[in-house]
>>> print(open('target.txt').read())   # compact mmCIF, C-alpha atoms
# COMPACT_ATOMS: atom_id res chain seq x y z
CA MET C 1 171.62 62.36 121.65
CA LYS C 2 169.03 64.37 119.72
CA ILE C 3 169.80 65.33 116.12
CA LYS C 4 169.81 69.13 115.79
CA ALA C 5 171.14 69.66 112.26
CA ILE C 6 171.29 67.90 108.91
CA LEU C 7 173.99 68.41 106.28
CA PHE C 8 173.14 67.56 102.69
CA ASP C 9 175.25 66.92 99.65
CA LEU C 10 173.68 68.81 96.74
CA ASP C 11 174.19 67.10 93.37
CA ASN C 12 172.51 63.69 93.04
CA THR C 13 171.16 64.03 96.58
CA LEU C 14 168.72 66.94 96.22
CA VAL C 15 168.79 67.22 92.42
CA ASP C 16 169.42 64.64 89.70
CA PHE C 17 172.42 66.62 88.51
CA TRP C 18 174.07 63.95 86.40
CA LYS C 19 170.89 63.33 84.38
CA MET C 20 170.62 67.06 83.68
CA LYS C 21 174.32 67.35 82.82
CA LYS C 22 174.20 64.39 80.43
CA LEU C 23 171.08 65.54 78.58
CA ALA C 24 172.24 69.16 78.34
CA SER C 25 175.72 68.18 77.14
CA GLU C 26 174.29 65.82 74.52
CA ALA C 27 172.06 68.63 73.26
CA ALA C 28 175.05 71.00 73.11
CA ILE C 29 177.11 68.55 71.04
CA LYS C 30 174.26 68.00 68.57
CA ALA C 31 173.75 71.77 68.24
CA MET C 32 177.45 72.40 67.63
CA ILE C 33 177.57 69.68 64.97
CA LYS C 34 174.47 71.16 63.33
CA ALA C 35 176.17 74.58 63.38
CA GLY C 36 179.16 73.21 61.47
CA LEU C 37 181.46 71.33 63.85
CA LYS C 38 183.04 68.43 61.98
CA ILE C 39 183.14 65.49 64.39
CA ASP C 40 181.31 62.22 64.94
CA TYR C 41 178.71 62.56 67.70
CA ARG C 42 179.82 59.47 69.65
CA LYS C 43 183.45 60.52 69.48
CA ALA C 44 182.51 64.03 70.61
CA TRP C 45 180.52 62.76 73.63
CA LYS C 46 183.33 60.41 74.68
CA MET C 47 185.82 63.28 74.44
CA LEU C 48 183.62 65.68 76.42
CA TYR C 49 182.92 63.05 79.09
CA GLU C 50 186.66 62.50 79.57
CA MET C 51 187.18 66.25 79.77
CA PHE C 52 184.67 66.49 82.64
CA GLY C 53 186.99 64.20 84.56
CA GLU C 54 190.09 66.16 83.60
CA TYR C 55 188.86 69.76 83.91
CA GLY C 56 185.93 69.34 86.30
CA ILE C 57 182.25 68.87 85.68
CA GLU C 58 181.60 72.44 86.88
CA ASN C 59 184.10 74.06 84.50
CA GLN C 60 182.31 77.04 82.93
CA LYS C 61 184.68 77.09 79.92
CA ILE C 62 184.41 73.41 79.07
CA PHE C 63 182.95 73.99 75.59
CA ASP C 64 185.71 76.50 74.74
CA ILE C 65 188.29 73.89 75.76
CA PHE C 66 186.39 71.21 73.85
CA LEU C 67 186.33 73.25 70.62
CA LYS C 68 190.04 74.08 70.90
CA LYS C 69 190.79 70.39 71.30
CA VAL C 70 188.66 69.43 68.29
CA THR C 71 189.51 72.24 65.86
CA GLY C 72 192.40 74.19 67.42
CA LYS C 73 190.27 77.30 67.87
CA VAL C 74 186.99 78.56 69.32
CA ASP C 75 184.43 79.31 66.62
CA ILE C 76 182.07 81.74 68.35
CA LYS C 77 179.08 80.76 66.18
CA ILE C 78 179.49 77.07 67.04
CA LEU C 79 180.14 77.87 70.70
CA ALA C 80 176.98 79.98 70.90
CA ALA C 81 174.91 77.18 69.37
CA GLY C 82 176.20 74.74 71.96
CA VAL C 83 175.74 77.06 74.95
CA VAL C 84 172.16 78.02 73.99
CA ALA C 85 171.18 74.36 73.51
CA TYR C 86 172.82 73.43 76.80
CA ARG C 87 170.99 76.14 78.75
CA LYS C 88 167.59 75.24 77.30
CA VAL C 89 167.89 71.58 78.24
CA LYS C 90 169.42 72.45 81.61
CA ASP C 91 166.45 74.67 82.50
CA LEU C 92 164.01 71.90 81.56
CA ASN C 93 165.79 69.26 83.64
CA MET C 94 167.01 71.17 86.70
CA LYS C 95 164.46 69.73 89.11
CA PRO C 96 164.67 68.38 92.65
CA TYR C 97 163.98 64.73 93.36
CA SER C 98 160.47 63.83 94.51
CA ASN C 99 159.50 65.01 98.00
CA VAL C 100 162.61 67.17 98.46
CA ALA C 101 160.86 70.50 99.11
CA THR C 102 158.18 68.88 101.28
CA THR C 103 160.76 67.03 103.37
CA LEU C 104 162.98 70.08 103.82
CA ARG C 105 159.99 72.14 104.93
CA LYS C 106 159.02 69.51 107.51
CA LEU C 107 162.60 69.36 108.79
CA ARG C 108 162.70 73.13 109.22
CA ASN C 109 159.36 73.05 111.00
CA ARG C 110 160.94 70.64 113.49
CA GLY C 111 163.51 73.32 114.30
CA LEU C 112 166.43 71.56 112.61
CA LYS C 113 169.28 73.55 111.10
CA LEU C 114 169.96 72.59 107.46
CA ALA C 115 173.10 73.21 105.39
CA ILE C 116 174.87 72.06 102.23
CA ILE C 117 178.35 70.56 101.91
CA THR C 118 179.38 70.39 98.27
CA ASP C 119 182.49 70.18 96.11
CA ALA C 120 180.83 72.56 93.65
CA PRO C 121 181.83 76.26 93.60
CA LYS C 122 179.72 78.34 96.00
CA PHE C 123 178.13 80.48 93.28
CA GLN C 124 177.05 77.42 91.30
CA ALA C 125 175.70 75.79 94.48
CA TRP C 126 173.58 78.78 95.47
CA SER C 127 172.47 79.31 91.86
CA ARG C 128 171.30 75.70 91.74
CA LEU C 129 169.39 76.11 95.00
CA PHE C 130 167.65 79.22 93.67
CA ASP C 131 166.84 77.39 90.42
CA LEU C 132 165.28 74.62 92.48
CA LYS C 133 163.49 77.12 94.79
CA LEU C 134 165.16 75.46 97.77
CA GLU C 135 167.39 78.31 98.96
CA ARG C 136 165.02 79.33 101.78
CA TYR C 137 165.57 76.06 103.63
CA PHE C 138 169.34 76.30 104.10
CA ASP C 139 171.34 78.28 106.64
CA PHE C 140 174.64 78.12 104.74
CA VAL C 141 176.67 76.35 102.05
CA ILE C 142 180.15 74.93 102.62
CA SER C 143 181.94 74.71 99.26
CA LEU C 144 185.43 74.19 97.89
CA GLU C 145 186.30 77.88 98.38
CA ASP C 146 185.80 77.61 102.14
CA THR C 147 188.51 75.03 102.83
CA GLY C 148 190.35 74.30 99.58
CA GLN C 149 189.64 70.62 100.18
CA LYS C 150 187.05 68.30 98.64
CA LYS C 151 185.18 65.58 100.51
CA PRO C 152 186.05 63.16 102.10
CA SER C 153 188.59 65.54 103.65
CA GLN C 154 187.49 66.37 107.19
CA LEU C 155 188.01 70.11 106.60
CA PRO C 156 184.59 70.81 104.96
CA PHE C 157 182.83 68.87 107.73
CA LYS C 158 184.83 70.68 110.43
CA ALA C 159 183.89 74.00 108.82
CA ALA C 160 180.22 73.02 109.09
CA LEU C 161 180.72 71.99 112.73
CA ARG C 162 182.15 75.42 113.55
CA LYS C 163 179.24 77.22 111.91
CA LEU C 164 176.65 75.04 113.60
CA GLY C 165 178.29 75.08 117.02
CA LEU C 166 177.18 71.49 117.63
CA LYS C 167 178.78 68.17 118.47
CA PRO C 168 179.29 65.66 115.61
CA GLU C 169 176.80 63.20 117.11
CA GLN C 170 174.10 65.89 116.93
CA ILE C 171 174.53 66.16 113.15
CA MET C 172 173.29 63.94 110.33
CA MET C 173 175.01 63.88 106.93
CA VAL C 174 172.99 62.81 103.87
CA GLY C 175 174.72 62.09 100.55
CA ASP C 176 174.82 59.76 97.57
CA ASP C 177 178.57 59.14 97.47
CA ILE C 178 179.67 56.68 100.13
CA SER C 179 183.39 57.34 99.64
CA ARG C 180 183.00 61.12 99.98
CA ASP C 181 179.86 61.97 101.95
CA VAL C 182 179.61 58.96 104.24
CA MET C 183 183.31 58.36 104.81
CA GLY C 184 184.12 62.02 105.45
CA ALA C 185 181.29 62.53 107.95
CA LYS C 186 181.75 59.18 109.68
CA LYS C 187 185.38 59.96 110.52
CA LEU C 188 184.17 62.87 112.67
CA GLY C 189 181.44 60.87 114.35
CA MET C 190 178.42 62.27 112.51
CA ILE C 191 175.35 60.14 111.83
CA THR C 192 175.54 59.09 108.18
CA VAL C 193 172.77 58.45 105.66
CA LEU C 194 173.34 57.05 102.16
CA ALA C 195 170.91 58.36 99.52
CA LYS C 196 170.54 55.25 97.38
CA TYR C 197 168.23 57.02 94.94
CA GLY C 198 171.19 59.13 93.75
CA GLN C 199 173.30 58.42 90.70
CA ILE C 200 176.72 58.02 92.29
CA TRP C 201 176.41 55.74 95.29
CA LYS C 202 178.66 52.70 95.40
CA ARG C 203 179.41 50.26 98.15
CA ALA C 204 182.86 50.67 99.66
CA LYS C 205 184.83 48.20 101.69
CA LYS C 206 184.96 48.88 105.43
CA VAL C 207 182.58 51.85 105.12
CA LYS C 208 179.00 51.36 106.24
CA PRO C 209 176.47 54.18 106.64
CA ASP C 210 174.29 54.29 109.71
CA TYR C 211 171.20 54.39 107.49
CA GLU C 212 170.26 53.91 103.84
CA ILE C 213 167.28 55.65 102.22
CA LYS C 214 165.41 55.14 98.94
CA SER C 215 163.62 58.50 99.16
CA ILE C 216 164.58 61.71 100.90
CA SER C 217 161.33 61.51 102.87
CA ASP C 218 162.77 58.44 104.65
CA ILE C 219 164.81 60.89 106.76
CA LEU C 220 161.61 61.69 108.65
CA LYS C 221 161.23 58.01 109.54
CA ILE C 222 164.82 57.89 110.77
CA LEU C 223 164.26 60.91 113.01
CA LYS C 224 161.09 59.37 114.38
CA SER C 225 162.77 56.06 115.19
CA ALA C 226 165.84 57.76 116.64
>>> encode(input="target.txt", output="structure tokens")
Amino acid sequence: MKIKAILFDLDNTLVDFWKMKKLASEAAIKAMIKAGLKIDYRKAWKMLYEMFGEYGIENQKIFDIFLKKVTGKVDIKILAAGVVAYRKVKDLNMKPYSNVATTLRKLRNRGLKLAIITDAPKFQAWSRLFDLKLERYFDFVISLEDTGQKKPSQLPFKAALRKLGLKPEQIMMVGDDISRDVMGAKKLGMITVLAKYGQIWKRAKKVKPDYEIKSISDILKILKSA
């Protein structure tokens, strides 16, 4: 059956999000220490990294929480230093992977519907797409607010199915996380593609994607062969 739509994960599939997050967070820590925060850099980074896991990597108040944990209060001067440094490095490193825009344009020219399924908040997802100048290629974004469930729950994928009005076998899902993107889509019968160029991908027992790609442009080869 012909593929009529492609769903994409966002972070580490279209953009090297973890690289940006790491560099920007490191810059923020160094700026806060320079502004007067008394803590060893390596200890601070380890603490912040653990807090990403506890409070969420998208938490917009993570530096406030970090400062409270380190000093018991939020020093506005130190917070400002960290936030400004973070934003500068973020802006420099918020870039799509190679061939992303070109590939998306070619997919749209083929008449395919394109959408995003992400665990990120919807505002952050759309903001990221506008930062990357990719917003024009996507029909919609399914985020955590839409279903209250993160991947690999079937709810985000079912929400995309309803919006597209297509059968699962007419849809391709592309993502870097095999346990979330591939597993979640495969349960519904979608065609699955593992983006091996991403930062997160790991092999999982009993879960095998239909295809594996080393560049997003490889999707065009898959469509041609299919």
>>> residues_around(input="target.txt", residues="C:Gly111", least_positions_apart="4", cutoff="12 Å", atoms="all atoms listed in the file", output="short mmCIF file (atom, residue, chain, number, x, y, z; two decimals) with C-alpha atoms, in the coordinates of the input")
data_model
loop_
_atom_site.label_atom_id
_atom_site.label_comp_id
_atom_site.auth_asym_id
_atom_site.auth_seq_id
_atom_site.Cartn_x
_atom_site.Cartn_y
_atom_site.Cartn_z
CA LYS C 2 169.03 64.37 119.72
CA ILE C 3 169.80 65.33 116.12
CA LYS C 4 169.81 69.13 115.79
CA ALA C 5 171.14 69.66 112.26
CA ILE C 6 171.29 67.90 108.91
CA LEU C 104 162.98 70.08 103.82
CA ARG C 105 159.99 72.14 104.93
CA LYS C 106 159.02 69.51 107.51
CA LEU C 107 162.60 69.36 108.79
CA TYR C 137 165.57 76.06 103.63
#
>>> closest_residue(input="target.txt", among="C:Ile39, C:Ile57, C:Leu92, C:Val15", to="C:Val70", atoms="only C-alpha atoms")
C:Ile39
>>> residues_around(input="target.txt", residues="C:Ala24", least_positions_apart="3", cutoff="6 Å", atoms="all atoms listed in the file", output="MDAnalysis selection string")
chainID C and resid 20:21 27 86 89:90
>>> closest_residue(input="target.txt", among="C:Ser98, C:Thr147, C:Asn12, C:Asn93", to="C:Ser215", atoms="all atoms listed in the file")
C:Ser98
>>> atom_distance(input="target.txt", atom1="atom CA of C:Lys95", atom2="atom CA of C:Ser143")
20.8 Å
>>> residues_around(input="target.txt", residues="C:Ile142", least_positions_apart="3", cutoff="7 Å", atoms="all atoms listed in the file", output="VMD selection string")
chain C and resid 116 to 118 146 156 160
>>> write_last_selection(input="target.txt", atoms="C-alpha atoms", output="short mmCIF file (atom, residue, chain, number, x, y, z; two decimals), in the frame of the given file")
data_model
loop_
_atom_site.label_atom_id
_atom_site.label_comp_id
_atom_site.auth_asym_id
_atom_site.auth_seq_id
_atom_site.Cartn_x
_atom_site.Cartn_y
_atom_site.Cartn_z
CA ILE C 116 174.87 72.06 102.23
CA ILE C 117 178.35 70.56 101.91
CA THR C 118 179.38 70.39 98.27
CA ASP C 146 185.80 77.61 102.14
CA PRO C 156 184.59 70.81 104.96
CA ALA C 160 180.22 73.02 109.09
#
>>> closest_residue(input="target.txt", among="C:Asn99, C:Asn109, C:Ser153, C:Gln124", to="C:Leu10", atoms="all atoms listed in the file")
C:Gln124
>>> closest_atom_pairs(input="target.txt", of="stretch 118-218 of chain C", to="stretch 100-103 of chain C", cutoff="8 Å", atoms="all atoms listed in the file", output="CSV")
residue,atom,partner,partner_atom,distance
C:Leu134,CA,C:Ala101,CA,6.7
C:Ile216,CA,C:Val100,CA,6.3
C:Ser217,CA,C:Thr103,CA,5.6
>>> atom_distance(input="target.txt", atom1="atom CA of C:Val193", atom2="atom CA of C:Lys133")
23.5 Å
>>> atom_distance(input="target.txt", atom1="atom CA of C:Met183", atom2="atom CA of C:Gln154")
9.3 Å
>>> closest_residue(input="target.txt", among="C:Lys68, C:Arg180, C:Lys30, C:Lys224", to="C:Gly82", atoms="only C-alpha atoms")
C:Lys30
>>> residues_around(input="target.txt", residues="C:Tyr49", least_positions_apart="6", cutoff="12 Å", atoms="only C-alpha atoms", output="list in words")
Trp18, Lys21, Lys22, Ser25, Glu26, Ile29, Arg42, Lys43, Tyr55, Gly56, Ile57, Ile62, Phe63 and Phe66 of chain C
>>> closest_residue(input="target.txt", among="C:Ala120, C:Leu23, C:Ala125, C:Val174", to="C:Gly148", atoms="all atoms listed in the file")
C:Ala120
>>> residues_around(input="target.txt", residues="C:Ala115", least_positions_apart="4", cutoff="6 Å", atoms="all atoms listed in the file", output="list in words")
Leu7, Phe138, Asp139, Phe140 and Val141 of chain C
>>> decode(input="target.txt", residues="stretch 209-225 of chain C", atoms="N, CA and C atoms", output="short mmCIF file (atom, residue, chain, number, x, y, z; two decimals), in the first residue's frame")
data_model
loop_
_atom_site.label_atom_id
_atom_site.label_comp_id
_atom_site.auth_asym_id
_atom_site.auth_seq_id
_atom_site.Cartn_x
_atom_site.Cartn_y
_atom_site.Cartn_z
N PRO C 209 13.00 -2.23 13.64
CA PRO C 209 12.36 -1.31 12.71
C PRO C 209 12.31 -1.91 11.31
N ASP C 210 11.40 -1.41 10.51
CA ASP C 210 11.32 -1.88 9.13
C ASP C 210 12.52 -1.40 8.32
N TYR C 211 13.02 -0.21 8.67
CA TYR C 211 14.17 0.36 7.97
C TYR C 211 15.07 1.08 8.97
N GLU C 212 16.34 1.23 8.60
CA GLU C 212 17.28 2.02 9.37
C GLU C 212 17.95 3.00 8.41
N ILE C 213 18.11 4.25 8.84
CA ILE C 213 18.72 5.25 7.96
C ILE C 213 19.89 5.95 8.66
N LYS C 214 20.88 6.35 7.88
CA LYS C 214 22.05 7.06 8.40
C LYS C 214 22.00 8.55 8.06
N SER C 215 21.03 8.91 7.22
CA SER C 215 20.77 10.31 6.87
C SER C 215 19.29 10.43 6.59
N ILE C 216 18.71 11.57 6.89
CA ILE C 216 17.28 11.74 6.66
C ILE C 216 16.94 11.61 5.18
N SER C 217 17.89 11.93 4.31
CA SER C 217 17.64 11.82 2.88
C SER C 217 17.43 10.38 2.43
N ASP C 218 17.83 9.41 3.26
CA ASP C 218 17.61 7.99 2.93
C ASP C 218 16.13 7.65 2.85
N ILE C 219 15.28 8.48 3.44
CA ILE C 219 13.83 8.25 3.35
C ILE C 219 13.38 8.24 1.89
N LEU C 220 14.00 9.10 1.08
CA LEU C 220 13.63 9.16 -0.33
C LEU C 220 13.95 7.85 -1.04
N LYS C 221 15.04 7.22 -0.65
CA LYS C 221 15.40 5.91 -1.22
C LYS C 221 14.40 4.84 -0.81
N ILE C 222 13.96 4.91 0.45
CA ILE C 222 12.97 3.95 0.94
C ILE C 222 11.68 4.07 0.15
N LEU C 223 11.23 5.29 -0.05
CA LEU C 223 9.99 5.53 -0.81
C LEU C 223 10.11 5.04 -2.25
N LYS C 224 11.28 5.22 -2.82
CA LYS C 224 11.50 4.79 -4.19
C LYS C 224 11.46 3.27 -4.31
N SER C 225 12.10 2.60 -3.33
CA SER C 225 12.14 1.14 -3.37
C SER C 225 10.78 0.54 -3.02
#
